[in-house]
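Engineer: One structure, pasted below without further comment.
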Amino acid sequence: MKTSPKRSAALAALFIAFSCAGSVALADTTITIAGSTALLPLVKDAAGENQKAHPDVKISVSGGGSGSGIAQVAGKAVDIGDSDILAPTHPELHDNRVAVIGFAVVSNPGVGVKNLSKKQLQDIFSGKATNWKDVGGPDQKIVVINRPRNSGTRAVFTKTIMGSTPISESGLTEDATGTVVSVVKQTPGAISYAAFSGTRGGGLNELSVDGVAPTDENIIAGKYPVWSYEHMFTLGAPTGEISRFIAFVQGNSELVHRDGFILIRDMKVNETDR
């Protein structure tokens, strides 16, 4: 049976209308995330895995630092603010802890020093010690690579190592974990601190602190001090796809371990101020 041109046009129009309606019904969901560069590798990988299973959920992930992540989610600029630190001045934010991350003090491989005391680290990062021979190393200038003031990594390092000793602002400053790792590798005499998620690729000298090595096992047992929970803050308790994605990050033990993080449930210690 032949179909008239008018009938064909009507059917075509009906098909287009149905397709458009279907497109509206299946409209993509977008989740925006920003903040900690220490947490960035895990969130990026989780976003990629999540989108394979749920292609209708688009996830945009960027860094910027913990302070920026907290400010952006509080200001409704993003859905999730990633942070290495708590947000006590923002009671409206809901804290979703997703993992534990360790931070290593790292130096250029040419330095040769394998262990520093907390006091020696305070001397180095306050600017009191300027040559590696001052802390048992070679006669070589110490090049300090710092993090900006809004960095969660810096806040953790200050809390656990520096205490009341102020960090000198005279050294170099890099705002991302990956950049810090790259600069330390390339700069003779350099020292800094960075998350395990960035230091585990090799090519760096990870220093013990007071004789305790920066390992997952030592963090789990409460022996190594430089670590924090990783937080994915939301404005109020998360719901819908945002809640589901956070749960996906929390429960993906394979990704957590592969990217250099520790499962919260594995910890033998429980802290309330990290």
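Order determines the names: the first chain of the structure tokens is A, the second B, and so forth; residues in each chain are numbered 1 upward, and ligands are numbered 1 upward as they are shown.
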Residues of region 129-205 of chain A that have any atom at most 12 Å from an atom of region 264-274 of chain A: could you tabulate them with the shortest-distance atom pair and the distance in Å to one decimal, using only C-alpha atoms, ordered by chain and increasing number, as a tab-separated table?
Structural biologist:
residue	atom	partner	partner_atom	distance
A:Gly152	CA	A:Arg274	CA	10.6
A:Thr153	CA	A:Arg274	CA	11.7
A:Ala155	CA	A:Arg274	CA	10.1
A:Val156	CA	A:Arg274	CA	8.1
A:Phe157	CA	A:Arg274	CA	11.6
A:Lys159	CA	A:Arg274	CA	9.4
A:Thr160	CA	A:Arg274	CA	10.1
Engineer: What are the closest atom pairs, with distances in Å to one decimal, for each residue of region 192-270 of chain A lying within 10 Å of region 63-82 of chain A, using only C-alpha atoms, rows by chain and rising residue number, as a Markdown table?
Structural biologist:
| residue | atom | partner | partner_atom | distance |
| --- | --- | --- | --- | --- |
| A:Glu230 | CA | A:Asp82 | CA | 7.4 |
| A:His231 | CA | A:Asp82 | CA | 5.7 |
| A:Met232 | CA | A:Asp82 | CA | 4.6 |
| A:Phe233 | CA | A:Gly81 | CA | 4.9 |
| A:Thr234 | CA | A:Ile80 | CA | 5.1 |
| A:Leu235 | CA | A:Ala74 | CA | 6.4 |
| A:Gly236 | CA | A:Ala74 | CA | 9.8 |
| A:Pro238 | CA | A:Asp79 | CA | 9.1 |
| A:Ile242 | CA | A:Asp79 | CA | 7.7 |
| A:Ile246 | CA | A:Ile80 | CA | 9.2 |
Engineer: If you measure from CA of Asn252 (chain A) to CA of Lys58 (chain A), what distance in Å do you get, rounded to one decimal?
Structural biologist: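 Distance between the two atoms: 18.7 Å.
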Engineer: In Å, rounded to a single decimal, give me how far CA of Gly240 (chain A) is from CA of Gly260 (chain A).
Structural biologist: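 Straight-line distance from CA of Gly260 (chain A) to CA of Gly240 (chain A) works out to 28.0 Å.
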Engineer: Looking only at the backbone, which of the residues in region 90-206 of chain A does DSSP tag as strand (DSSP E), as a ChimeraX atom specification?
Structural biologist: /A:93-94,97-107,115-116,143-146,172-173,190-195,205-206
Engineer: Can you write just those residues out, N, CA and C atoms, as a CSV table (one decimal), in the first residue's frame?
Structural biologist:
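Contents of the output file again_33.csv:
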chain,number,residue,atom,x,y,z
A,93,LEU,N,27.4,23.2,55.1
A,93,LEU,CA,28.0,22.2,54.3
A,93,LEU,C,27.9,20.8,54.9
A,94,HIS,N,27.5,19.8,54.1
A,94,HIS,CA,27.5,18.4,54.6
A,94,HIS,C,28.8,17.7,54.3
A,97,ARG,N,32.9,12.1,54.0
A,97,ARG,CA,34.2,11.6,54.0
A,97,ARG,C,34.3,10.4,53.0
A,98,VAL,N,35.3,10.4,52.1
A,98,VAL,CA,35.3,9.3,51.1
A,98,VAL,C,36.5,8.4,51.2
A,99,ALA,N,37.6,8.9,51.8
A,99,ALA,CA,38.9,8.1,51.9
A,99,ALA,C,39.8,8.8,52.8
A,100,VAL,N,41.0,8.2,53.0
A,100,VAL,CA,42.1,8.7,53.8
A,100,VAL,C,43.3,8.9,52.8
A,101,ILE,N,44.0,10.0,53.0
A,101,ILE,CA,45.2,10.2,52.1
A,101,ILE,C,46.4,10.6,53.0
A,102,GLY,N,47.5,10.0,52.7
A,102,GLY,CA,48.7,10.3,53.3
A,102,GLY,C,49.5,11.4,52.5
A,103,PHE,N,50.4,12.1,53.2
A,103,PHE,CA,51.2,13.1,52.6
A,103,PHE,C,52.7,12.8,52.9
A,104,ALA,N,53.5,12.8,51.9
A,104,ALA,CA,54.9,12.5,52.1
A,104,ALA,C,55.8,13.8,52.0
A,105,VAL,N,56.8,13.9,52.8
A,105,VAL,CA,57.8,14.9,52.6
A,105,VAL,C,58.7,14.3,51.5
A,106,VAL,N,58.9,15.1,50.4
A,106,VAL,CA,59.7,14.5,49.3
A,106,VAL,C,60.8,15.5,48.9
A,107,SER,N,61.9,14.9,48.5
A,107,SER,CA,63.1,15.7,48.1
A,107,SER,C,63.6,15.2,46.7
A,115,ASN,N,65.8,10.5,56.2
A,115,ASN,CA,65.0,10.7,57.4
A,115,ASN,C,65.3,12.1,58.0
A,116,LEU,N,64.2,12.8,58.4
A,116,LEU,CA,64.3,14.1,59.1
A,116,LEU,C,63.4,14.1,60.3
A,143,VAL,N,66.2,24.0,48.5
A,143,VAL,CA,65.2,24.8,47.7
A,143,VAL,C,63.8,24.3,48.1
A,144,VAL,N,63.2,25.2,48.9
A,144,VAL,CA,61.8,24.8,49.4
A,144,VAL,C,60.7,25.1,48.4
A,145,ILE,N,59.9,24.1,48.1
A,145,ILE,CA,58.7,24.3,47.3
A,145,ILE,C,57.5,24.2,48.2
A,146,ASN,N,56.8,25.4,48.3
A,146,ASN,CA,55.7,25.4,49.2
A,146,ASN,C,54.4,25.3,48.4
A,172,LEU,N,59.7,29.0,46.7
A,172,LEU,CA,58.9,28.9,45.5
A,172,LEU,C,57.5,28.3,46.0
A,173,THR,N,56.5,28.6,45.2
A,173,THR,CA,55.1,28.2,45.6
A,173,THR,C,54.5,27.6,44.3
A,190,ALA,N,65.8,20.3,46.0
A,190,ALA,CA,64.4,20.7,46.3
A,190,ALA,C,63.8,19.8,47.4
A,191,ILE,N,62.9,20.4,48.1
A,191,ILE,CA,62.1,19.6,49.1
A,191,ILE,C,60.7,20.2,49.1
A,192,SER,N,59.7,19.3,49.3
A,192,SER,CA,58.3,19.8,49.5
A,192,SER,C,57.5,18.7,50.2
A,193,TYR,N,56.2,18.8,50.1
A,193,TYR,CA,55.3,17.8,50.7
A,193,TYR,C,54.2,17.6,49.7
A,194,ALA,N,53.7,16.4,49.5
A,194,ALA,CA,52.6,16.1,48.5
A,194,ALA,C,51.9,14.9,48.9
A,195,ALA,N,50.7,14.7,48.4
A,195,ALA,CA,49.8,13.6,48.7
A,195,ALA,C,50.4,12.3,48.0
A,205,ASN,N,62.4,11.1,46.3
A,205,ASN,CA,62.9,10.5,47.5
A,205,ASN,C,61.8,10.9,48.6
A,206,GLU,N,61.1,9.8,49.2
A,206,GLU,CA,60.2,10.1,50.2
A,206,GLU,C,60.9,9.9,51.6
Engineer: In Å, with one decimal, what is the gap from CA of Asp95 (chain A) to CA of Gly35 (chain A)?
Structural biologist: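 One can read the CA of Asp95 (chain A) to CA of Gly35 (chain A) distance as 14.0 Å.
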Engineer: Between A:Phe196, A:Trp227, A:Phe261, A:Phe245, which one has atoms that come closest to Ala47 (chain A), using only C-alpha atoms?
Structural biologist: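 Answer, going by the shortest atom-to-atom distance: A:Phe245.
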Engineer: What are the DSSP helix (DSSP H, G or I) residues of region 21-155 of chain A, as a VMD selection string?
Structural biologist: chain A and resid 21 to 25 40 to 53 66 to 74 118 to 126 132 to 135 152 to 155
Engineer: Calculated over only C-alpha atoms, which of the candidates A:Gly189, A:Gly112, A:Val43, A:Arg147 has the smallest distance to Asn131 (chain A)?
Structural biologist: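 Smallest separation from Asn131 (chain A) among the options: A:Gly189.
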Engineer: Using only C-alpha atoms, which of the listed residues (A:Val113, A:Ile31, A:Leu263, A:Ile85) sits closest to Asp216 (chain A)?
Structural biologist: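 Result for the nearest residue to Asp216 (chain A): A:Leu263.
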Engineer: Compile the contact shell of Val212 (chain A) as a list in words: residues with an atom at most 12 Å away, counting only C-alpha atoms, same-chain residues fewer than 5 positions apart removed.
Structural biologist: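 Counting only C-alpha atoms, the residues come to Ala104, Val105, Lys114, Asn115, Leu116, Ser117, Lys118, Glu206, Leu207, Glu217, Asn218, Ile219, Ala221, Gly222, Lys223, Tyr224, Pro225 and Val226 of chain A.
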Engineer: Could you check which of A:Ser208, A:Ile262, A:Ala213, A:Leu121 is closest to Met162 (chain A), using only C-alpha atoms?
Structural biologist: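 Checking each of A:Ser208, A:Ile262, A:Ala213, A:Leu121 against Met162 (chain A), counting only C-alpha atoms, the winner is A:Leu121.
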Engineer: Restricting the calculation to only C-alpha atoms: of A:Gly178, A:Pro214, A:Lys119, A:Thr130, which residue gets closest to Gly163 (chain A)?
Structural biologist: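 Looking at the shortest contact to Gly163 (chain A), the residue is A:Lys119.
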Engineer: Which one is closest to Ser197 (chain A): A:Gln122, A:Asn50, A:Thr215, A:Thr177? Count only C-alpha atoms.
Structural biologist: A:Thr177
